[in-house]
file model20.pdb (PDB, C-alpha atoms and all ligand atoms)
ATOM      1  CA  MET V1028       2.638   7.248  24.230
ATOM      2  CA  SER V1029       1.938   3.491  24.188
ATOM      3  CA  THR V1030       4.558   0.911  25.183
ATOM      4  CA  ILE V1031       7.180   0.248  22.504
ATOM      5  CA  GLU V1032       8.085  -3.427  22.142
ATOM      6  CA  THR V1033      11.020  -4.822  20.235
ATOM      7  CA  GLU V1034      10.558  -7.504  17.578
ATOM      8  CA  ARG V1035      13.040  -9.895  15.987
ATOM      9  CA  PRO V1036      14.131  -8.774  12.516
ATOM     10  CA  GLN V1037      12.731 -11.924  10.849
ATOM     11  CA  ALA V1038       9.461 -10.014  10.240
ATOM     12  CA  ARG V1039      10.253  -8.887   6.703
ATOM     13  CA  TYR V1040       6.960  -7.043   6.270
ATOM     14  CA  ALA V1041       7.977  -3.866   8.080
ATOM     15  CA  LEU V1042       4.519  -2.493   8.882
ATOM     16  CA  GLY V1043       3.518  -5.476  11.027
ATOM     17  CA  HIS V1044       0.060  -6.861  11.773
ATOM     18  CA  SER V1045      -1.264  -4.921  14.773
ATOM     19  CA  PRO V1046      -4.873  -3.690  15.129
ATOM     20  CA  GLU V1047      -3.491  -0.121  14.989
ATOM     21  CA  GLU V1048      -1.790  -0.881  11.663
ATOM     22  CA  TYR V1049      -5.022  -2.386  10.300
ATOM     23  CA  ASP V1050      -6.833   0.865  11.238
ATOM     24  CA  ARG V1051      -4.060   2.883   9.584
ATOM     25  CA  LEU V1052      -4.452   0.869   6.367
ATOM     26  CA  ARG V1053      -8.230   1.483   6.380
ATOM     27  CA  ALA V1054      -7.738   5.231   6.926
ATOM     28  CA  GLN V1055      -5.063   5.391   4.210
ATOM     29  CA  ALA V1056      -7.314   3.489   1.780
ATOM     30  CA  ARG V1057     -10.122   5.998   2.311
ATOM     31  CA  VAL V1058      -7.743   8.837   1.404
ATOM     32  CA  TRP V1059      -6.824   7.165  -1.903
ATOM     33  CA  GLU V1060     -10.332   5.925  -2.746
ATOM     34  CA  ASP V1061     -10.907   8.507  -5.517
ATOM     35  CA  ALA V1062      -7.420   8.056  -6.993
ATOM     36  CA  THR V1063      -7.945   4.297  -7.186
ATOM     37  CA  GLY V1064     -11.580   4.439  -8.349
ATOM     38  CA  ARG V1065     -10.536   6.775 -11.153
ATOM     39  CA  LEU V1066      -8.019   4.226 -12.464
ATOM     40  CA  LEU V1067     -10.423   1.288 -12.109
ATOM     41  CA  ASP V1068     -12.749   3.281 -14.371
ATOM     42  CA  ARG V1069      -9.870   4.277 -16.654
ATOM     43  CA  VAL V1070      -9.073   0.626 -17.434
ATOM     44  CA  GLY V1071     -12.770  -0.055 -17.985
ATOM     45  CA  LEU V1072     -13.799  -2.256 -15.050
ATOM     46  CA  VAL V1073     -17.332  -3.267 -16.077
ATOM     47  CA  PRO V1074     -20.194  -5.446 -14.713
ATOM     48  CA  SER V1075     -19.441  -9.216 -14.678
ATOM     49  CA  ALA V1076     -15.667  -8.652 -14.689
ATOM     50  CA  SER V1077     -13.372 -10.977 -12.743
ATOM     51  CA  CYS V1078     -10.859  -9.135 -10.524
ATOM     52  CA  LEU V1079      -7.866  -9.994  -8.373
ATOM     53  CA  ASP V1080      -6.680  -7.628  -5.622
ATOM     54  CA  ALA V1081      -3.149  -8.833  -4.840
ATOM     55  CA  GLY V1082      -2.075  -7.840  -1.314
ATOM     56  CA  CYS V1083      -5.649  -6.757  -0.602
ATOM     57  CA  GLY V1084      -5.052  -5.857   3.076
ATOM     58  CA  PRO V1085      -8.304  -4.571   4.618
ATOM     59  CA  GLY V1086     -10.236  -5.082   1.361
ATOM     60  CA  GLU V1087     -11.113  -1.459   0.647
ATOM     61  CA  THR V1088     -10.200  -1.786  -3.045
ATOM     62  CA  MET V1089     -12.126  -5.084  -3.234
ATOM     63  CA  ARG V1090     -15.204  -3.031  -2.327
ATOM     64  CA  LEU V1091     -14.497  -0.554  -5.157
ATOM     65  CA  MET V1092     -14.111  -3.515  -7.537
ATOM     66  CA  ALA V1093     -17.320  -5.206  -6.299
ATOM     67  CA  GLU V1094     -19.308  -1.986  -6.765
ATOM     68  CA  ARG V1095     -18.187  -1.865 -10.403
ATOM     69  CA  ALA V1096     -18.201  -5.595 -11.290
ATOM     70  CA  GLY V1097     -21.647  -6.047  -9.717
ATOM     71  CA  PRO V1098     -23.219  -9.279  -8.398
ATOM     72  CA  SER V1099     -22.387 -11.204 -11.591
ATOM     73  CA  GLY V1100     -18.689 -10.349 -11.301
ATOM     74  CA  ARG V1101     -16.127 -11.962  -9.017
ATOM     75  CA  VAL V1102     -13.529 -10.349  -6.790
ATOM     76  CA  LEU V1103     -10.730 -12.347  -5.173
ATOM     77  CA  GLY V1104      -8.579 -10.765  -2.478
ATOM     78  CA  LEU V1105      -5.222 -12.378  -1.869
ATOM     79  CA  ASP V1106      -2.895 -11.633   1.048
ATOM     80  CA  THR V1107      -0.471 -13.396   3.385
ATOM     81  CA  ASP V1108      -2.409 -12.001   6.345
ATOM     82  CA  ALA V1109      -5.265 -14.470   6.804
ATOM     83  CA  SER V1110      -6.791 -12.718   9.827
ATOM     84  CA  LEU V1111      -6.941  -9.331   8.075
ATOM     85  CA  GLY V1112      -8.391 -11.110   5.017
ATOM     86  CA  ALA V1113     -11.103 -12.742   7.143
ATOM     87  CA  MET V1114     -12.037  -9.352   8.631
ATOM     88  CA  ALA V1115     -12.113  -7.794   5.150
ATOM     89  CA  LEU V1116     -14.357 -10.533   3.819
ATOM     90  CA  ALA V1117     -16.793 -10.313   6.766
ATOM     91  CA  THR V1118     -17.125  -6.545   6.191
ATOM     92  CA  LEU V1119     -17.649  -7.001   2.431
ATOM     93  CA  HIS V1120     -20.256  -9.737   2.894
ATOM     94  CA  ASP V1121     -22.083  -7.654   5.556
ATOM     95  CA  ALA V1122     -22.269  -4.875   2.947
ATOM     96  CA  GLY V1123     -23.860  -7.334   0.468
ATOM     97  CA  HIS V1124     -20.777  -7.930  -1.704
ATOM     98  CA  HIS V1125     -21.139 -11.715  -1.834
ATOM     99  CA  GLN V1126     -19.166 -11.922  -5.086
ATOM    100  CA  CYS V1127     -16.017 -11.328  -2.976
ATOM    101  CA  SER V1128     -13.779 -14.113  -1.696
ATOM    102  CA  PHE V1129     -10.388 -14.238   0.015
ATOM    103  CA  HIS V1130      -7.434 -16.574  -0.301
ATOM    104  CA  ALA V1131      -4.377 -16.537   1.990
ATOM    105  CA  GLN V1132      -1.253 -16.820  -0.163
ATOM    106  CA  ASP V1133       2.314 -15.548  -0.235
ATOM    107  CA  LEU V1134       2.781 -14.120  -3.724
ATOM    108  CA  THR V1135       6.534 -14.667  -3.603
ATOM    109  CA  GLY V1136       5.927 -18.443  -3.432
ATOM    110  CA  GLY V1137       5.005 -18.965  -7.098
ATOM    111  CA  GLU V1138       1.955 -21.203  -6.411
ATOM    112  CA  PRO V1139      -0.947 -20.991  -8.872
ATOM    113  CA  ILE V1140      -3.447 -18.242  -8.079
ATOM    114  CA  PRO V1141      -6.913 -19.754  -7.660
ATOM    115  CA  GLY V1142      -9.399 -18.727 -10.344
ATOM    116  CA  GLU V1143      -6.833 -17.213 -12.747
ATOM    117  CA  PRO V1144      -6.941 -15.653 -15.294
ATOM    118  CA  PHE V1145      -8.731 -12.402 -14.360
ATOM    119  CA  ASP V1146     -10.024  -9.487 -16.424
ATOM    120  CA  LEU V1147      -8.292  -7.165 -13.958
ATOM    121  CA  VAL V1148      -5.265  -7.872 -11.796
ATOM    122  CA  TYR V1149      -4.573  -5.046  -9.376
ATOM    123  CA  ALA V1150      -1.942  -4.407  -6.685
ATOM    124  CA  ARG V1151      -1.634  -1.303  -4.483
ATOM    125  CA  LEU V1152       1.246  -0.744  -2.067
ATOM    126  CA  LEU V1153       2.341  -4.369  -2.384
ATOM    127  CA  LEU V1154       5.406  -4.386  -4.685
ATOM    128  CA  PHE V1155       6.961  -1.630  -2.518
ATOM    129  CA  HIS V1156       7.463  -4.226   0.239
ATOM    130  CA  LEU V1157       8.768  -7.129  -1.825
ATOM    131  CA  PRO V1158      12.472  -7.535  -2.650
ATOM    132  CA  GLN V1159      11.277  -9.927  -5.420
ATOM    133  CA  ARG V1160       9.003  -7.220  -6.884
ATOM    134  CA  ALA V1161       9.836  -7.850 -10.566
ATOM    135  CA  ALA V1162       9.224 -11.623 -10.233
ATOM    136  CA  VAL V1163       5.917 -11.016  -8.424
ATOM    137  CA  LEU V1164       4.880  -8.501 -11.079
ATOM    138  CA  ALA V1165       5.633 -11.102 -13.787
ATOM    139  CA  ARG V1166       3.489 -13.607 -11.843
ATOM    140  CA  LEU V1167       0.629 -11.078 -11.692
ATOM    141  CA  TRP V1168       0.931 -10.430 -15.453
ATOM    142  CA  ASP V1169       0.582 -14.205 -16.036
ATOM    143  CA  ALA V1170      -2.707 -14.051 -14.131
ATOM    144  CA  VAL V1171      -4.214 -11.462 -16.549
ATOM    145  CA  ALA V1172      -6.659 -12.861 -19.119
ATOM    146  CA  PRO V1173      -6.142 -11.963 -22.806
ATOM    147  CA  GLY V1174      -7.799  -8.593 -23.323
ATOM    148  CA  GLY V1175      -7.610  -7.899 -19.562
ATOM    149  CA  HIS V1176      -5.557  -5.343 -17.597
ATOM    150  CA  LEU V1177      -2.760  -5.242 -15.067
ATOM    151  CA  LEU V1178      -3.043  -2.120 -12.871
ATOM    152  CA  VAL V1179      -0.541  -1.195 -10.152
ATOM    153  CA  GLN V1180      -0.412   1.769  -7.764
ATOM    154  CA  ASP V1181       2.530   2.316  -5.461
ATOM    155  CA  TYR V1182       4.220   4.982  -3.383
ATOM    156  CA  ASP V1183       7.201   7.200  -3.931
ATOM    157  CA  LEU V1184       8.015   8.512  -0.452
ATOM    158  CA  ARG V1185       9.848  11.539  -1.910
ATOM    159  CA  GLY V1186       6.407  13.180  -1.938
ATOM    160  CA  ILE V1187       6.621  13.626   1.856
ATOM    161  CA  THR V1188       7.431  17.309   2.366
ATOM    162  CA  VAL V1189       6.620  20.126   4.749
ATOM    163  CA  LEU V1190       7.059  23.890   4.303
ATOM    164  CA  PRO V1191       9.152  25.107   6.061
ATOM    165  CA  ALA V1192      11.342  21.993   6.319
ATOM    166  CA  LEU V1193      11.223  20.715   9.915
ATOM    167  CA  HIS V1194      13.793  18.499  11.620
ATOM    168  CA  SER V1195      11.072  16.397  13.297
ATOM    169  CA  VAL V1196       9.301  15.537  10.025
ATOM    170  CA  GLY V1197      12.615  14.903   8.239
ATOM    171  CA  GLU V1198      13.841  12.611  11.015
ATOM    172  CA  VAL V1199      10.594  10.612  11.191
ATOM    173  CA  GLY V1200      10.800  10.218   7.397
ATOM    174  CA  ARG V1201      14.452   9.197   7.604
ATOM    175  CA  ILE V1202      13.734   6.464  10.167
ATOM    176  CA  ILE V1203      10.757   5.127   8.190
ATOM    177  CA  THR V1204      12.874   5.041   5.007
ATOM    178  CA  SER V1205      15.780   3.340   6.812
ATOM    179  CA  VAL V1206      13.467   0.598   8.068
ATOM    180  CA  PHE V1207      12.099  -0.044   4.585
ATOM    181  CA  ASP V1208      15.636  -0.057   3.144
ATOM    182  CA  ALA V1209      16.738  -2.530   5.825
ATOM    183  CA  VAL V1210      14.063  -5.086   4.912
ATOM    184  CA  GLY V1211      14.572  -4.790   1.151
ATOM    185  CA  ALA V1212      11.566  -2.589   0.380
ATOM    186  CA  ASP V1213      11.906   0.175  -2.243
ATOM    187  CA  VAL V1214      10.509   3.548  -1.174
ATOM    188  CA  HIS V1215      10.571   4.755  -4.822
ATOM    189  CA  THR V1216       8.600   1.813  -6.253
ATOM    190  CA  GLY V1217       5.914   4.110  -7.673
ATOM    191  CA  ALA V1218       8.404   6.070  -9.794
ATOM    192  CA  ARG V1219      10.044   2.832 -10.902
ATOM    193  CA  LEU V1220       6.854   1.193 -12.176
ATOM    194  CA  PRO V1221       7.704   1.640 -15.883
ATOM    195  CA  GLN V1222      11.131   0.052 -15.293
ATOM    196  CA  LEU V1223       9.544  -2.745 -13.262
ATOM    197  CA  PHE V1224       7.008  -3.406 -16.020
ATOM    198  CA  ALA V1225       9.916  -3.765 -18.457
ATOM    199  CA  GLN V1226      11.919  -6.041 -16.114
ATOM    200  CA  ALA V1227       8.860  -8.238 -15.554
ATOM    201  CA  GLY V1228       8.339  -8.693 -19.291
ATOM    202  CA  VAL V1229       5.073  -6.746 -19.252
ATOM    203  CA  GLY V1230       6.366  -4.067 -21.636
ATOM    204  CA  ALA V1231       5.911  -0.308 -21.499
ATOM    205  CA  PRO V1232       2.776   0.742 -19.579
ATOM    206  CA  ASP V1233      -0.178   1.953 -21.657
ATOM    207  CA  GLY V1234      -0.570   4.833 -19.214
ATOM    208  CA  SER V1235       0.523   6.276 -15.891
ATOM    209  CA  ASP V1236      -0.990   8.466 -13.212
ATOM    210  CA  VAL V1237       0.333  10.467 -10.272
ATOM    211  CA  ALA V1238      -1.886  11.287  -7.282
ATOM    212  CA  GLY V1239      -0.898  13.514  -4.375
ATOM    213  CA  ARG V1240      -2.396  15.039  -1.272
ATOM    214  CA  LEU V1241      -1.661  18.196   0.657
ATOM    215  CA  GLU V1242      -2.798  18.758   4.261
ATOM    216  CA  PRO V1243      -1.949  21.131   7.089
ATOM    217  CA  LEU V1244       0.746  19.637   9.304
ATOM    218  CA  ALA V1245      -1.728  19.510  12.212
ATOM    219  CA  THR V1246      -3.628  16.686  10.479
ATOM    220  CA  GLY V1247      -1.041  15.487   7.946
ATOM    221  CA  ARG V1248       1.319  14.403  10.712
ATOM    222  CA  VAL V1249      -1.188  11.709  11.779
ATOM    223  CA  LEU V1250      -0.352   9.364   8.875
ATOM    224  CA  LEU V1251       3.348   9.988   9.413
ATOM    225  CA  GLU V1252       3.170   9.244  13.131
ATOM    226  CA  ARG V1253       1.019   6.133  12.654
ATOM    227  CA  THR V1254       3.422   4.782  10.018
ATOM    228  CA  PHE V1255       6.345   5.517  12.341
ATOM    229  CA  ARG V1256       4.655   3.599  15.165
ATOM    230  CA  SER V1257       3.943   0.642  12.858
ATOM    231  CA  VAL V1258       7.580   0.305  11.725
ATOM    232  CA  LEU V1259       9.044   1.117  15.152
ATOM    233  CA  PRO V1260       9.427  -2.509  16.361
ATOM    234  CA  VAL V1261      11.551  -3.253  13.277
ATOM    235  CA  ALA V1262      13.459   0.052  13.685
ATOM    236  CA  LEU V1263      14.349  -0.965  17.244
ATOM    237  CA  ALA V1264      15.271  -4.513  16.227
ATOM    238  CA  TYR V1265      17.651  -3.200  13.544
ATOM    239  CA  GLY V1266      19.110  -0.512  15.839
ATOM    240  CA  ILE V1267      17.853   2.295  13.573
ATOM    241  CA  THR V1268      16.568   4.189  16.616
ATOM    242  CA  THR V1269      16.187   3.622  20.341
ATOM    243  CA  SER V1270      13.081   3.608  22.472
ATOM    244  CA  ALA V1271      14.202   6.837  24.179
ATOM    245  CA  GLY V1272      15.078   8.425  20.821
ATOM    246  CA  ALA V1273      11.653   7.538  19.408
ATOM    247  CA  THR V1274       9.835   8.968  22.423
ATOM    248  CA  GLU V1275      11.848  12.206  22.172
ATOM    249  CA  LEU V1276      11.246  12.469  18.408
ATOM    250  CA  LEU V1277       7.479  11.998  18.754
ATOM    251  CA  ALA V1278       7.404  14.703  21.449
ATOM    252  CA  LEU V1279       9.278  17.045  19.066
ATOM    253  CA  LEU V1280       6.797  16.221  16.283
ATOM    254  CA  ASP V1281       3.951  17.100  18.687
ATOM    255  CA  ARG V1282       5.524  20.461  19.448
ATOM    256  CA  ASP V1283       6.185  21.234  15.767
ATOM    257  CA  ALA V1284       2.656  20.184  14.778
ATOM    258  CA  ALA V1285       1.265  22.654  17.343
ATOM    259  CA  ARG V1286       3.650  25.451  16.361
ATOM    260  CA  PHE V1287       3.426  24.995  12.569
ATOM    261  CA  ALA V1288      -0.148  23.657  12.492
ATOM    262  CA  ASP V1289      -1.086  25.415   9.227
ATOM    263  CA  CYS V1290       2.095  24.594   7.311
ATOM    264  CA  PRO V1291       1.444  22.486   4.199
ATOM    265  CA  MET V1292       2.506  18.868   4.334
ATOM    266  CA  GLY V1293       2.621  16.625   1.251
ATOM    267  CA  TRP V1294       1.802  12.916   1.422
ATOM    268  CA  PRO V1295       3.807  10.341  -0.501
ATOM    269  CA  LEU V1296       2.933  10.319  -4.195
ATOM    270  CA  LEU V1297       0.695   7.426  -5.247
ATOM    271  CA  ILE V1298       1.804   6.497  -8.752
ATOM    272  CA  GLY V1299      -0.191   4.223 -11.039
ATOM    273  CA  ALA V1300       0.647   2.329 -14.239
ATOM    274  CA  TRP V1301      -1.402  -0.085 -16.326
ATOM    275  CA  LYS V1302      -1.132  -2.384 -19.323
ATOM    276  CA  ARG V1303      -3.702  -4.257 -21.394
ATOM    277  CA  LYS V1304      -2.792  -7.804 -22.452
ATOM    278  CA  GLU V1305      -3.276  -8.435 -26.166
ATOM    279  CA  GLN V1306      -5.959 -10.922 -27.218
ATOM    280  CA  SER V1307      -4.173 -14.138 -28.193
TER     281      SER V1307
HETATM  282  C1  LIG H1401       0.568  -1.667   2.724
HETATM  283  S1  LIG H1401      -0.569  -2.993   2.667
HETATM  284  C2  LIG H1401      -1.637  -2.492   1.325
HETATM  285  C3  LIG H1401      -3.010  -3.112   1.421
HETATM  286  C4  LIG H1401      -3.974  -2.743   0.302
HETATM  287  N1  LIG H1401      -3.495  -3.133  -1.003
HETATM  288  C5  LIG H1401      -4.246  -1.253   0.297
HETATM  289  O1  LIG H1401      -3.717  -0.538  -0.546
HETATM  290  O2  LIG H1401      -5.004  -0.814   1.167
HETATM  291  C6  LIG H1401       0.343  -4.318   1.952
HETATM  292  C7  LIG H1401      -0.375  -5.660   2.044
HETATM  293  O3  LIG H1401       0.401  -6.636   1.337
HETATM  294  C8  LIG H1401       0.400  -7.833   2.081
HETATM  295  N2  LIG H1401       1.586  -8.601   1.710
HETATM  296  C9  LIG H1401       2.866  -8.363   2.071
HETATM  297  N3  LIG H1401       3.682  -9.276   1.536
HETATM  298  C10 LIG H1401       2.906 -10.118   0.799
HETATM  299  C11 LIG H1401       3.164 -11.275   0.006
HETATM  300  N4  LIG H1401       4.413 -11.741  -0.109
HETATM  301  N5  LIG H1401       2.130 -11.912  -0.597
HETATM  302  C12 LIG H1401       0.868 -11.428  -0.448
HETATM  303  N6  LIG H1401       0.554 -10.339   0.296
HETATM  304  C13 LIG H1401       1.561  -9.695   0.928
HETATM  305  C14 LIG H1401       0.383  -7.375   3.530
HETATM  306  O4  LIG H1401      -0.073  -8.401   4.391
HETATM  307  C15 LIG H1401      -0.556  -6.178   3.460
HETATM  308  O5  LIG H1401      -1.885  -6.530   3.708
END
call {"tool": "encode", "arguments": {"input": "model20.pdb", "output": "structure tokens"}}
result
Amino acid sequence: MSTIETERPQARYALGHSPEEYDRLRAQARVWEDATGRLLDRVGLVPSASCLDAGCGPGETMRLMAERAGPSGRVLGLDTDASLGAMALATLHDAGHHQCSFHAQDLTGGEPIPGEPFDLVYARLLLFHLPQRAAVLARLWDAVAPGGHLLVQDYDLRGITVLPALHSVGEVGRIITSVFDAVGADVHTGARLPQLFAQAGVGAPDGSDVAGRLEPLATGRVLLERTFRSVLPVALAYGITTSAGATELLALLDRDAARFADCPMGWPLLIGAWKRKEQS
């Protein structure tokens, strides 16, 4: 196991900004590529469209947007993490997606979003992390052009299950959830999207979608363990676990994953909701 370092609790974004976390985000994005592509098609993302990916992270959804909007479209990725954004943009440009650009911005700040309004404003796994999620959602709705769409996908961590129930998986899930609770994230954001749309003044969604994934524990535990490692510095800083406790728990997870390798493990549910803005 790699060295576990503590971090001051001022880092409100619980997953951190390590190279390992960036790799985890890329791997996670590949898993949800079909579920996201399906909704981009559902809201009718067409050639020449203008798109915003709010909290774009490694830019995997920007690529899906660029493939659909084509060279005459435009795709802006926005994220607080300027170094991850720069990496995302280099990868997209290398792949020929020159209609993509990136802007470093904190969406809780209320500054204008460059290039607004957009035909599609999209956010995946962003609102989950933001205590000000309804205000940010209202800001994103403002950035939608008349006739355009707001599309959001977010997690409900209640989807994480294993049969039979195992203490190791439950405890890893409990620590991850406690960290998110401690920093003001909401682990049920996906299920709350219709309520959030109402609170943000968007109105009832035009549609919703629930995507899931089932894997044997032998492979499914990888996402769980990588997420645990990403939030561990914050867990230690908040006293949610100890370094020794974490090491012991990961060893137990290893043993369970070997012993119950074929047991089915469910990922968090990825829940989507969308709304079209009326033509003015
Ligand atoms: C879990 S990642 C999801 C990345 C990407 N949307 C995806 O699904 O692959 C959340 C992203 O939101 C960004 N983020 C967190 N707080 C933010 C804020 N206040 N404003 C803009 N981006 C933020 C993080 O830097 C991170 O890249």
call {"tool": "closest_atom_pairs", "arguments": {"input": "model20.pdb", "of": "chain V", "to": "ligand LIG 1401 (chain H)", "cutoff": "9 Å", "atoms": "only C-alpha atoms and all ligand atoms", "output": "Markdown table"}}
result
| residue | atom | partner | partner_atom | distance |
| --- | --- | --- | --- | --- |
| V:Arg1039 | CA | H:LIG1401 | N3 | 8.4 |
| V:Tyr1040 | CA | H:LIG1401 | C9 | 6.0 |
| V:Leu1042 | CA | H:LIG1401 | C1 | 7.4 |
| V:Gly1043 | CA | H:LIG1401 | O4 | 8.1 |
| V:His1044 | CA | H:LIG1401 | O4 | 7.5 |
| V:Tyr1049 | CA | H:LIG1401 | O5 | 8.4 |
| V:Leu1052 | CA | H:LIG1401 | O2 | 5.5 |
| V:Arg1053 | CA | H:LIG1401 | O2 | 6.5 |
| V:Ala1054 | CA | H:LIG1401 | O2 | 8.8 |
| V:Gln1055 | CA | H:LIG1401 | O2 | 6.9 |
| V:Ala1056 | CA | H:LIG1401 | O2 | 4.9 |
| V:Arg1057 | CA | H:LIG1401 | O2 | 8.6 |
| V:Trp1059 | CA | H:LIG1401 | O1 | 8.4 |
| V:Asp1080 | CA | H:LIG1401 | N1 | 7.2 |
| V:Ala1081 | CA | H:LIG1401 | C12 | 6.5 |
| V:Gly1082 | CA | H:LIG1401 | O3 | 3.8 |
| V:Cys1083 | CA | H:LIG1401 | N1 | 4.2 |
| V:Gly1084 | CA | H:LIG1401 | O5 | 3.3 |
| V:Pro1085 | CA | H:LIG1401 | O2 | 6.1 |
| V:Gly1086 | CA | H:LIG1401 | O2 | 6.8 |
| V:Glu1087 | CA | H:LIG1401 | O2 | 6.2 |
| V:Thr1088 | CA | H:LIG1401 | O2 | 6.8 |
| V:Leu1105 | CA | H:LIG1401 | C12 | 6.3 |
| V:Asp1106 | CA | H:LIG1401 | N6 | 3.8 |
| V:Thr1107 | CA | H:LIG1401 | N6 | 4.5 |
| V:Asp1108 | CA | H:LIG1401 | O4 | 4.7 |
| V:Ala1109 | CA | H:LIG1401 | O4 | 8.3 |
| V:Leu1111 | CA | H:LIG1401 | O5 | 7.2 |
| V:Gly1112 | CA | H:LIG1401 | O5 | 8.1 |
| V:Ala1131 | CA | H:LIG1401 | C12 | 7.7 |
| V:Gln1132 | CA | H:LIG1401 | C12 | 5.8 |
| V:Asp1133 | CA | H:LIG1401 | N5 | 3.7 |
| V:Leu1134 | CA | H:LIG1401 | N5 | 3.9 |
| V:Thr1135 | CA | H:LIG1401 | N4 | 5.0 |
| V:Gly1136 | CA | H:LIG1401 | N4 | 7.6 |
| V:Tyr1149 | CA | H:LIG1401 | N1 | 8.7 |
| V:Ala1150 | CA | H:LIG1401 | N1 | 6.0 |
| V:Arg1151 | CA | H:LIG1401 | N1 | 4.4 |
| V:Leu1152 | CA | H:LIG1401 | C2 | 4.8 |
| V:Leu1153 | CA | H:LIG1401 | O3 | 4.8 |
| V:Leu1154 | CA | H:LIG1401 | N3 | 8.1 |
| V:Phe1155 | CA | H:LIG1401 | C1 | 8.3 |
| V:His1156 | CA | H:LIG1401 | N3 | 6.4 |
| V:Leu1157 | CA | H:LIG1401 | N3 | 6.5 |
| V:Gln1159 | CA | H:LIG1401 | N4 | 8.9 |
| V:Val1163 | CA | H:LIG1401 | N4 | 8.5 |
| V:Gln1180 | CA | H:LIG1401 | O1 | 8.3 |
| V:Asp1181 | CA | H:LIG1401 | O1 | 8.4 |
call {"tool": "residues_around", "arguments": {"input": "model20.pdb", "residues": "V:Pro1074", "least_positions_apart": "5", "cutoff": "12 Å", "atoms": "all atoms listed in the file", "output": "compact mmCIF listing (two decimals) with C-alpha atoms, keeping the file's coordinate frame"}}
result
# COMPACT_ATOMS: atom_id res chain seq x y z
CA ASP V 1068 -12.75 3.28 -14.37
CA MET V 1092 -14.11 -3.52 -7.54
CA ALA V 1093 -17.32 -5.21 -6.30
CA GLU V 1094 -19.31 -1.99 -6.76
CA ARG V 1095 -18.19 -1.86 -10.40
CA ALA V 1096 -18.20 -5.60 -11.29
CA GLY V 1097 -21.65 -6.05 -9.72
CA PRO V 1098 -23.22 -9.28 -8.40
CA SER V 1099 -22.39 -11.20 -11.59
CA GLY V 1100 -18.69 -10.35 -11.30
CA ARG V 1101 -16.13 -11.96 -9.02
CA VAL V 1102 -13.53 -10.35 -6.79
CA GLN V 1126 -19.17 -11.92 -5.09
CA ASP V 1146 -10.02 -9.49 -16.42
call {"tool": "closest_residue", "arguments": {"input": "model20.pdb", "among": "V:Thr1063, V:Ile1140, V:Pro1158, V:Ile1202", "to": "V:Pro1260", "atoms": "all atoms listed in the file"}}
result
V:Ile1202
call {"tool": "closest_residue", "arguments": {"input": "model20.pdb", "among": "V:Ala1192, V:Tyr1265, V:Ala1165, V:Asp1236", "to": "V:Val1206", "atoms": "all atoms listed in the file"}}
result
V:Tyr1265
call {"tool": "resolve_selection", "arguments": {"input": "model20.pdb", "expression": "the PyMOL selection byres (((chain V and resi 1194) around 12) and not hetatm)", "output": "list of chain:residue names"}}
result
V:Thr1188, V:Val1189, V:Leu1190, V:Pro1191, V:Ala1192, V:Leu1193, V:Ser1195, V:Val1196, V:Gly1197, V:Glu1198, V:Val1199, V:Gly1200, V:Arg1201, V:Leu1276, V:Leu1277, V:Leu1279, V:Leu1280, V:Arg1282, V:Asp1283, V:Ala1284
call {"tool": "resolve_selection", "arguments": {"input": "model20.pdb", "expression": "the PyMOL selection byres (((chain V and resi 1170) around 6) and not hetatm)", "output": "list of chain:residue names"}}
result
V:Glu1143, V:Pro1144, V:Leu1167, V:Trp1168, V:Asp1169, V:Val1171
call {"tool": "write_last_selection", "arguments": {"input": "model20.pdb", "atoms": "C-alpha atoms", "output": "PDB file, in the coordinates of the input"}}
result
ATOM      1  CA  GLU V1143      -6.833 -17.213 -12.747  1.00  0.00           C
ATOM      2  CA  PRO V1144      -6.941 -15.653 -15.294  1.00  0.00           C
ATOM      3  CA  LEU V1167       0.629 -11.078 -11.692  1.00  0.00           C
ATOM      4  CA  TRP V1168       0.931 -10.430 -15.453  1.00  0.00           C
ATOM      5  CA  ASP V1169       0.582 -14.205 -16.036  1.00  0.00           C
ATOM      6  CA  VAL V1171      -4.214 -11.462 -16.549  1.00  0.00           C
TER       7      VAL V1171
END
call {"tool": "resolve_selection", "arguments": {"input": "model20.pdb", "expression": "the PyMOL selection byres (((chain V and resi 1220) around 9) and not hetatm)", "output": "number ranges by chain"}}
result
V: 1179-1181, 1215-1219, 1221-1225, 1232, 1235, 1298-1300
call {"tool": "closest_residue", "arguments": {"input": "model20.pdb", "among": "V:Met1089, V:Val1249, V:Leu1164, V:Ala1172", "to": "V:Gln1306", "atoms": "all atoms listed in the file"}}
result
V:Ala1172
call {"tool": "closest_residue", "arguments": {"input": "model20.pdb", "among": "V:Cys1078, V:Glu1275, V:Ala1041, V:Phe1255", "to": "V:Phe1207", "atoms": "all atoms listed in the file"}}
result
V:Ala1041
call {"tool": "closest_residue", "arguments": {"input": "model20.pdb", "among": "V:Thr1268, V:Thr1254, V:Ser1075, V:Ser1128", "to": "V:Arg1051", "atoms": "all atoms listed in the file"}}
result
V:Thr1254
call {"tool": "atom_distance", "arguments": {"input": "model20.pdb", "atom1": "atom CA of V:Trp1294", "atom2": "atom CA of V:Val1237"}}
result
12.0 Å
call {"tool": "residues_around", "arguments": {"input": "model20.pdb", "residues": "V:Thr1246", "least_positions_apart": "5", "cutoff": "12 Å", "atoms": "all atoms listed in the file", "output": "short mmCIF file (atom, residue, chain, number, x, y, z; two decimals) with C-alpha atoms, keeping the file's coordinate frame"}}
result
data_model
loop_
_atom_site.label_atom_id
_atom_site.label_comp_id
_atom_site.auth_asym_id
_atom_site.auth_seq_id
_atom_site.Cartn_x
_atom_site.Cartn_y
_atom_site.Cartn_z
CA ARG V 1240 -2.40 15.04 -1.27
CA LEU V 1241 -1.66 18.20 0.66
CA LEU V 1251 3.35 9.99 9.41
CA GLU V 1252 3.17 9.24 13.13
CA ARG V 1253 1.02 6.13 12.65
CA LEU V 1280 6.80 16.22 16.28
CA ASP V 1281 3.95 17.10 18.69
CA ALA V 1284 2.66 20.18 14.78
CA ALA V 1285 1.26 22.65 17.34
CA PHE V 1287 3.43 25.00 12.57
CA ALA V 1288 -0.15 23.66 12.49
CA ASP V 1289 -1.09 25.42 9.23
CA CYS V 1290 2.10 24.59 7.31
CA PRO V 1291 1.44 22.49 4.20
CA MET V 1292 2.51 18.87 4.33
CA GLY V 1293 2.62 16.62 1.25
CA TRP V 1294 1.80 12.92 1.42
#
